[in-house]
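> Provided below: entry13.txt, containing compact mmCIF, C-alpha atoms.
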```txt
# COMPACT_ATOMS: atom_id res chain seq x y z
CA MET B 528 -13.65 30.79 29.80
CA ALA B 529 -11.06 30.16 32.52
CA GLN B 530 -8.96 33.14 33.62
CA PRO B 531 -5.19 32.96 32.85
CA SER B 532 -4.37 33.04 36.59
CA THR B 533 -6.73 30.13 37.25
CA VAL B 534 -5.19 28.07 34.46
CA LYS B 535 -1.72 28.90 35.77
CA ASN B 536 -2.68 27.83 39.30
CA ARG B 537 -4.16 24.56 38.00
CA PHE B 538 -1.00 23.80 36.05
CA ALA B 539 1.21 24.61 39.05
CA ARG B 540 -0.88 22.37 41.31
CA ASP B 541 -0.88 19.55 38.74
CA PHE B 542 2.89 19.92 38.30
CA LEU B 543 3.46 19.57 42.05
CA LEU B 544 1.25 16.49 42.22
CA ASN B 545 2.81 14.80 39.17
CA LYS B 546 6.33 16.25 39.09
CA TYR B 547 7.95 12.86 38.57
CA LEU B 548 5.72 12.12 35.57
CA TYR B 549 6.66 15.48 34.04
CA LEU B 550 10.31 14.66 34.73
CA MET B 551 9.95 11.35 32.88
CA MET B 552 8.40 13.23 29.97
CA LEU B 553 11.37 15.59 29.54
CA PRO B 554 13.60 13.19 27.52
CA VAL B 555 10.75 12.59 25.06
CA LEU B 556 10.15 16.33 24.68
CA ALA B 557 13.87 16.92 24.25
CA TYR B 558 14.02 14.25 21.52
CA TYR B 559 11.20 15.86 19.53
CA VAL B 560 12.57 19.37 19.96
CA VAL B 561 16.12 18.42 18.92
CA PHE B 562 15.38 15.94 16.13
CA HIS B 563 11.97 17.06 14.80
CA TYR B 564 11.24 20.73 15.48
CA ALA B 565 14.72 22.30 15.43
CA PRO B 566 15.58 20.79 11.99
CA MET B 567 12.47 22.49 10.53
CA TYR B 568 14.61 25.62 10.28
CA GLY B 569 16.58 23.81 7.57
CA ALA B 570 13.46 23.59 5.38
CA LEU B 571 14.39 27.12 4.23
CA ILE B 572 16.93 25.65 1.83
CA ALA B 573 14.03 24.34 -0.28
CA PHE B 574 13.49 27.96 -1.32
CA LYS B 575 17.18 28.78 -1.83
CA ASN B 576 20.21 27.73 -3.87
CA TYR B 577 21.89 26.34 -0.80
CA SER B 578 25.66 26.50 -0.54
CA PRO B 579 27.49 25.13 2.54
CA MET B 580 29.99 27.98 2.21
CA LYS B 581 27.26 30.64 2.46
CA GLY B 582 25.05 28.88 4.99
CA ILE B 583 21.27 28.75 5.07
CA LEU B 584 20.64 32.47 5.55
CA GLY B 585 23.44 33.55 3.22
CA SER B 586 22.38 31.39 0.24
CA ASP B 587 20.52 33.01 -2.64
CA TRP B 588 16.72 33.04 -2.47
CA VAL B 589 15.04 31.39 -5.49
CA GLY B 590 11.45 30.99 -4.26
CA LEU B 591 9.51 28.11 -5.79
CA LYS B 592 12.09 27.32 -8.47
CA HIS B 593 12.94 23.83 -7.14
CA PHE B 594 9.28 22.92 -6.69
CA GLU B 595 8.49 23.93 -10.27
CA GLU B 596 11.51 21.98 -11.53
CA PHE B 597 10.33 18.89 -9.67
CA PHE B 598 6.71 19.16 -10.87
CA ARG B 599 7.85 19.51 -14.50
CA SER B 600 10.42 16.72 -14.39
CA TYR B 601 10.00 13.22 -15.78
CA TYR B 602 10.54 11.77 -12.30
CA PHE B 603 7.53 13.51 -10.71
CA VAL B 604 4.86 11.23 -12.15
CA ARG B 605 6.99 8.10 -11.77
CA ILE B 606 7.98 8.48 -8.13
CA LEU B 607 4.57 9.80 -7.08
CA LYS B 608 2.88 6.83 -8.76
CA ASN B 609 5.31 4.34 -7.19
CA THR B 610 4.96 5.92 -3.74
CA LEU B 611 1.16 5.93 -3.89
CA LEU B 612 0.93 2.37 -5.19
CA ILE B 613 3.31 0.91 -2.60
CA SER B 614 1.61 2.91 0.17
CA LEU B 615 -1.89 1.86 -0.92
CA TYR B 616 -0.84 -1.79 -1.26
CA SER B 617 0.63 -1.59 2.25
CA LEU B 618 -2.60 -0.07 3.53
CA LEU B 619 -4.70 -2.70 1.78
CA PHE B 620 -2.68 -5.80 2.68
CA GLU B 621 -0.30 -4.94 5.53
CA PHE B 622 -2.62 -2.86 7.74
CA PRO B 623 -5.31 -5.57 8.20
CA ALA B 624 -2.75 -8.38 8.68
CA PRO B 625 -1.94 -7.70 12.38
CA ILE B 626 -5.65 -7.24 13.12
CA ILE B 627 -6.41 -10.65 11.63
CA LEU B 628 -3.49 -12.22 13.51
CA ALA B 629 -4.66 -10.68 16.78
CA LEU B 630 -8.17 -12.04 16.23
CA LEU B 631 -6.80 -15.50 15.47
CA ILE B 632 -4.52 -15.50 18.52
CA ASN B 633 -7.42 -14.32 20.67
CA GLU B 634 -9.44 -17.38 19.60
CA VAL B 635 -6.69 -19.82 20.58
CA ARG B 636 -7.42 -21.44 23.95
CA HIS B 637 -4.15 -23.37 24.34
CA ARG B 638 -1.96 -20.91 26.27
CA MET B 639 1.40 -22.47 25.39
CA PHE B 640 0.59 -22.64 21.67
CA LYS B 641 -0.53 -19.00 21.79
CA ARG B 642 2.79 -17.93 23.34
CA VAL B 643 4.80 -19.88 20.76
CA VAL B 644 2.88 -18.26 17.88
CA GLN B 645 3.33 -14.79 19.36
CA THR B 646 7.07 -15.31 19.89
CA ILE B 647 7.63 -16.62 16.35
CA THR B 648 5.69 -13.76 14.76
CA TYR B 649 7.49 -11.13 16.88
CA MET B 650 10.99 -12.34 16.00
CA PRO B 651 11.40 -10.90 12.46
CA TYR B 652 10.78 -7.37 13.76
CA PHE B 653 13.92 -7.53 15.92
CA ILE B 654 16.18 -8.71 13.11
CA SER B 655 18.37 -6.00 11.59
CA LEU B 656 16.94 -4.53 8.41
CA VAL B 657 20.24 -5.16 6.62
CA VAL B 658 20.00 -8.85 7.56
CA ILE B 659 16.34 -8.96 6.46
CA CYS B 660 17.21 -7.49 3.06
CA GLY B 661 20.13 -9.91 2.74
CA ILE B 662 17.76 -12.83 3.40
CA ILE B 663 15.27 -11.49 0.85
CA THR B 664 18.02 -11.06 -1.74
CA ASP B 665 19.37 -14.57 -1.19
CA PHE B 666 15.92 -16.17 -1.27
CA THR B 667 14.91 -14.38 -4.49
CA ASN B 668 18.13 -15.00 -6.43
CA ALA B 669 17.99 -17.22 -9.50
CA ASP B 670 19.36 -20.11 -7.41
CA GLY B 671 17.66 -19.04 -4.18
CA LEU B 672 15.23 -21.01 -2.05
CA ILE B 673 12.07 -19.55 -3.59
CA ASN B 674 13.24 -20.24 -7.14
CA ARG B 675 14.25 -23.77 -6.23
CA LEU B 676 10.76 -24.40 -4.90
CA LEU B 677 9.22 -22.89 -8.03
CA THR B 678 11.33 -25.07 -10.33
CA TRP B 679 9.74 -28.14 -8.75
CA ILE B 680 6.36 -27.06 -10.13
CA GLY B 681 7.64 -26.16 -13.58
CA TYR B 682 8.67 -22.48 -13.37
CA ASP B 683 12.08 -21.29 -14.55
CA GLY B 684 14.39 -19.73 -11.98
CA GLN B 685 14.92 -15.98 -12.26
CA ALA B 686 16.50 -13.18 -10.24
CA MET B 687 13.25 -11.78 -8.89
CA LEU B 688 14.66 -8.45 -7.72
CA GLN B 689 15.79 -7.81 -11.30
CA LYS B 690 12.17 -7.92 -12.45
CA PRO B 691 10.39 -4.54 -12.05
CA GLY B 692 6.98 -6.19 -11.89
CA LEU B 693 7.96 -8.36 -8.90
CA PHE B 694 9.47 -5.65 -6.70
CA ARG B 695 6.21 -4.44 -5.14
CA PRO B 696 4.88 -7.93 -4.26
CA ILE B 697 8.25 -8.84 -2.71
CA TYR B 698 8.37 -5.59 -0.74
CA ILE B 699 4.80 -5.82 0.58
CA SER B 700 4.96 -9.53 1.47
CA SER B 701 8.27 -9.05 3.30
CA GLU B 702 6.83 -6.07 5.19
CA ILE B 703 3.90 -8.20 6.34
CA TRP B 704 6.23 -11.00 7.45
CA GLN B 705 8.50 -8.58 9.29
CA ARG B 706 5.90 -6.41 11.06
CA ILE B 707 2.73 -8.48 11.52
CA GLY B 708 3.63 -9.88 14.94
CA TRP B 709 4.91 -6.64 16.44
CA GLU B 710 1.98 -4.54 15.20
CA SER B 711 -0.52 -7.10 16.50
CA ILE B 712 0.52 -6.35 20.11
CA ILE B 713 -1.62 -3.22 20.37
CA TYR B 714 -4.66 -5.06 19.03
CA ILE B 715 -4.13 -7.97 21.41
CA ALA B 716 -3.98 -5.43 24.26
CA ALA B 717 -7.23 -3.86 23.01
CA LEU B 718 -8.86 -7.30 22.91
CA MET B 719 -7.93 -7.87 26.55
CA SER B 720 -9.94 -4.80 27.57
CA ILE B 721 -13.26 -6.09 26.15
CA ASP B 722 -15.76 -7.06 28.84
CA GLN B 723 -15.89 -10.86 28.96
CA GLU B 724 -19.50 -10.78 30.13
CA GLN B 725 -20.51 -9.76 26.63
CA TYR B 726 -19.12 -13.04 25.29
CA GLU B 727 -20.90 -15.02 28.00
CA ALA B 728 -24.20 -13.32 27.15
CA ALA B 729 -23.64 -13.97 23.43
CA ARG B 730 -22.94 -17.67 24.07
CA MET B 731 -26.09 -17.95 26.15
CA ASP B 732 -28.02 -16.47 23.22
CA GLY B 733 -26.52 -19.11 20.91
CA ALA B 734 -24.12 -16.85 18.99
CA SER B 735 -21.36 -18.67 17.15
CA ARG B 736 -17.72 -17.67 17.59
CA PHE B 737 -17.78 -15.95 14.21
CA LYS B 738 -20.78 -13.84 15.24
CA GLN B 739 -19.06 -13.01 18.52
CA ILE B 740 -16.12 -11.67 16.52
CA VAL B 741 -18.37 -9.63 14.22
CA TYR B 742 -20.69 -8.16 16.85
CA ILE B 743 -18.47 -7.95 19.95
CA THR B 744 -14.75 -8.23 19.17
CA LEU B 745 -14.50 -5.96 16.13
CA PRO B 746 -16.67 -3.17 17.62
CA GLY B 747 -14.64 -3.44 20.81
CA ILE B 748 -11.33 -2.74 19.07
CA MET B 749 -12.73 -0.35 16.44
CA PRO B 750 -11.50 2.82 18.26
CA THR B 751 -7.97 1.36 18.30
CA ILE B 752 -8.22 0.46 14.61
CA ALA B 753 -9.43 3.99 13.82
CA ILE B 754 -6.51 5.63 15.67
CA MET B 755 -3.95 3.33 14.02
CA LEU B 756 -5.49 4.03 10.61
CA ILE B 757 -5.23 7.79 11.18
CA LEU B 758 -1.56 7.43 12.13
CA ARG B 759 -0.96 5.25 9.08
CA MET B 760 -2.62 7.83 6.81
CA GLY B 761 -0.34 10.51 8.24
CA ASN B 762 2.65 8.49 7.08
CA LEU B 763 1.10 7.14 3.89
CA LEU B 764 3.78 8.59 1.60
CA ASN B 765 6.66 7.91 3.99
CA VAL B 766 7.58 4.58 2.45
CA GLY B 767 10.67 3.39 4.30
CA PHE B 768 13.56 4.34 2.06
CA GLU B 769 16.11 2.22 3.95
CA LYS B 770 14.58 -1.06 2.84
CA ILE B 771 13.91 0.14 -0.69
CA ILE B 772 17.47 1.42 -1.07
CA LEU B 773 18.80 -1.94 0.09
CA LEU B 774 16.59 -3.87 -2.34
CA TYR B 775 16.20 -1.77 -5.47
CA ASN B 776 18.61 -1.21 -8.35
CA PRO B 777 18.59 0.86 -11.58
CA VAL B 778 16.73 -1.94 -13.38
CA THR B 779 13.75 -1.65 -11.00
CA TYR B 780 13.67 2.14 -10.63
CA GLU B 781 10.52 2.32 -12.75
CA THR B 782 8.48 0.49 -10.06
CA ALA B 783 10.67 0.80 -6.94
CA ASP B 784 11.85 4.41 -6.86
CA VAL B 785 9.76 6.38 -4.32
CA ILE B 786 9.90 9.92 -2.97
CA SER B 787 12.15 9.07 -0.01
CA SER B 788 14.68 7.13 -2.11
CA PHE B 789 14.62 9.89 -4.75
CA VAL B 790 15.36 12.49 -2.04
CA TYR B 791 18.23 10.34 -0.75
CA ARG B 792 19.73 9.96 -4.22
CA LYS B 793 19.39 13.60 -5.19
CA GLY B 794 20.40 15.04 -1.84
CA LEU B 795 23.22 12.83 -0.61
CA LEU B 796 24.59 11.19 -3.74
CA GLU B 797 24.18 14.06 -6.22
CA PHE B 798 24.48 16.91 -3.66
CA GLY B 799 21.23 18.57 -4.77
CA TRP B 800 20.40 19.74 -1.25
CA SER B 801 17.86 22.42 -2.15
CA TYR B 802 16.10 20.32 -4.77
CA SER B 803 15.82 17.28 -2.50
CA SER B 804 14.59 19.48 0.37
CA ALA B 805 11.85 20.84 -1.87
CA VAL B 806 10.77 17.29 -2.74
CA GLY B 807 10.85 16.27 0.92
CA LEU B 808 8.83 19.34 1.94
CA PHE B 809 6.23 18.54 -0.72
CA ASN B 810 6.00 15.00 0.69
CA SER B 811 5.53 16.31 4.25
CA CYS B 812 2.77 18.71 3.17
CA ILE B 813 0.84 15.90 1.45
CA ASN B 814 1.20 13.72 4.56
CA LEU B 815 -0.12 16.56 6.75
CA ILE B 816 -3.17 16.98 4.50
CA LEU B 817 -3.85 13.23 4.60
CA LEU B 818 -3.49 13.15 8.40
CA VAL B 819 -5.92 16.04 8.96
CA THR B 820 -8.40 14.60 6.45
CA ALA B 821 -8.28 11.10 7.95
CA ASN B 822 -8.72 12.50 11.46
CA ALA B 823 -11.77 14.55 10.40
CA VAL B 824 -13.37 11.59 8.60
CA SER B 825 -12.73 9.26 11.55
CA ARG B 826 -14.17 11.77 14.03
CA ARG B 827 -17.33 12.09 11.96
CA VAL B 828 -17.78 8.38 11.15
CA SER B 829 -16.56 6.52 14.25
CA LYS B 830 -16.36 9.32 16.87
CA SER B 831 -12.68 8.37 17.40
CA SER B 832 -9.90 10.80 16.55
CA LEU B 833 -6.50 12.06 17.63
CA TRP B 834 -7.85 15.55 18.36
```
Output the file's structure as structure tokens, nothing else.


Amino acid sequence: MAQPSTVKNRFARDFLLNKYLYLMMLPVLAYYVVFHYAPMYGALIAFKNYSPMKGILGSDWVGLKHFEEFFRSYYFVRILKNTLLISLYSLLFEFPAPIILALLINEVRHRMFKRVVQTITYMPYFISLVVICGIITDFTNADGLINRLLTWIGYDGQAMLQKPGLFRPIYISSEIWQRIGWESIIYIAALMSIDQEQYEAARMDGASRFKQIVYITLPGIMPTIAIMLILRMGNLLNVGFEKIILLYNPVTYETADVISSFVYRKGLLEFGWSYSSAVGLFNSCINLILLVTANAVSRRVSKSSLW
């Protein structure tokens, strides 16, 4: 085991050699300290009857009261079910989509066509979420574009976002459309790092392009896929509340209301700060458990992990 003085000397020497890199890292560290670690102090209000007049330390301690109230409420099963279903559907359909797109783009030999496809698929990611939700709302209205197309094949027009059963398919499909191009960038970069001699050897052995994908391309990007899957598992229950809040309504609460939107409604609209903090803390604990579990499984199965 290295002595403390030796470790200190190594760090000092490394700092002198890479001082500009450490300097570039400071804004990132400051961001996480200010916006991620410092606010953790506020998690105390989950165990208190928080009052702005009394402050966090001055508010009355109630222990696990808010957690028990949440677990016994009617909303617990509903929002947990909705969150898990939307998250699992995203994992099942949205997570593989950029991988498939990256594989398809990698097989295209026409450079200009490849650039056009990449540009078109990247564009939705840079559109404001409010604009995206406005487009979705307009397209799914009773007289919107999608309903007009459906009426040509015999279906009656309907306001799709007023139908609880259609909310999840609309949400997932729009997420894929919006994020597929941007999320494919990391996989395209991973594909570029694969040794091209492996493909040449496979072609000499008579391997088809499909077999090259199965036996060379996919194993080559598997560590990247494993890391991205671990990160996704760590945020499995963090379904983006901004988009859901912009799309859902009381009619679709039964299938659209998730933990993050419930916390927003209870905390900011109904001023239940302590109760919503307890729900948010519960969500964070579940995400932490999923992250650690996914990392352990990935390390054992694929030898790739975050730590």

> With all atoms listed in the file as the atoms that count, which of B:Ala729, B:Ile626, B:Leu796, B:Ala573 lies nearest to Met749 in chain B?

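Checking each of B:Ala729, B:Ile626, B:Leu796, B:Ala573 against Met749 in chain B, counting all atoms listed in the file, the winner is B:Ile626.
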
> Of the candidates B:Leu763, B:Leu774, B:Met552, B:Leu688, which one gets nearest to Ile816 in chain B if we count only C-alpha atoms?

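Using only C-alpha atoms, the shortest distance to Ile816 in chain B belongs to B:Leu763.
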
> Expressed in Å to a single decimal, how great is the separation between CA of Gly807 in chain B and CA of Pro651 in chain B?

29.5 Å

> Name the closest residue to Ala805 in chain B among the candidates B:Lys575, B:His563, B:Lys546, B:Lys690; distances are taken between atoms, counting all atoms listed in the file.

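The answer is B:Lys575, which sits nearest to Ala805 in chain B.
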
> Please, what distance in Å, to one decimal, runs between CA of Met687 in chain B and CA of Asn674 in chain B?

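Computed distance, CA of Met687 in chain B to CA of Asn674 in chain B, equals 8.6 Å.
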
> Which residue out of B:Val589, B:Ala570, B:Ile712, B:Val561 has the minimum interatomic distance to Cys812 in chain B when all atoms listed in the file are used?

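Using all atoms listed in the file, the shortest distance to Cys812 in chain B belongs to B:Ala570.
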
> Please compute the CA of Trp834 in chain B-CA of Glu710 in chain B distance, one decimal, in Å.

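Going from CA of Trp834 in chain B over to CA of Glu710 in chain B covers 22.6 Å.
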
> Using all atoms listed in the file, which of B:Val644, B:Leu615, B:Leu571, B:Ile654 sits nearest Ile632 in chain B?

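So, comparing all the options, the nearest one is B:Val644.
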
> From the list B:Met650, B:Leu630, B:Met755, B:Val741, which residue is nearest Met719 in chain B when using all atoms listed in the file?

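So, comparing all the options, the nearest one is B:Leu630.
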
> Please provide as a ChimeraX atom specification all residues within 12 Å of range 691-696 of chain B, with the sequence filter that same-chain residues fewer than 6 positions apart are discarded (counting only C-alpha atoms).

/B:609-617,620-621,663-664,667,685,702-703,766,770-771,774-785

> So that I can see what lies close to range 820-825 of chain B, please list as JSON, numbers by chain the residues with an atom at most 7 Å from it, counting only C-alpha atoms and leaving out residues fewer than 6 positions away in the same chain.

{"B": [753, 757, 760, 831, 832, 833]}

> Keeping C-alpha atoms for every residue in the selection just given, could you write it to a file as a tab-separated table (two decimals), in the frame of the given file?


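After the write, part08.tsv holds the following:
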```
chain	number	residue	atom	x	y	z
B	753	ALA	CA	-9.43	3.99	13.82
B	757	ILE	CA	-5.23	7.79	11.18
B	760	MET	CA	-2.62	7.83	6.81
B	831	SER	CA	-12.68	8.37	17.40
B	832	SER	CA	-9.90	10.80	16.55
B	833	LEU	CA	-6.50	12.06	17.63
```

> Residues at most 9 Å from Ser720 in chain B, counting all atoms listed in the file, excluding those fewer than 3 positions away in the same chain, as an MDAnalysis selection string?

chainID B and resid 716:717 723 747:748

> Pull C-alpha atoms from the residues just selected and write them as a short mmCIF file (atom, residue, chain, number, x, y, z; two decimals), keeping the file's coordinate frame.


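Contents of part_14.cif, as written:
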```cif
data_model
loop_
_atom_site.label_atom_id
_atom_site.label_comp_id
_atom_site.auth_asym_id
_atom_site.auth_seq_id
_atom_site.Cartn_x
_atom_site.Cartn_y
_atom_site.Cartn_z
CA ALA B 716 -3.98 -5.43 24.26
CA ALA B 717 -7.23 -3.86 23.01
CA GLN B 723 -15.89 -10.86 28.96
CA GLY B 747 -14.64 -3.44 20.81
CA ILE B 748 -11.33 -2.74 19.07
#
```
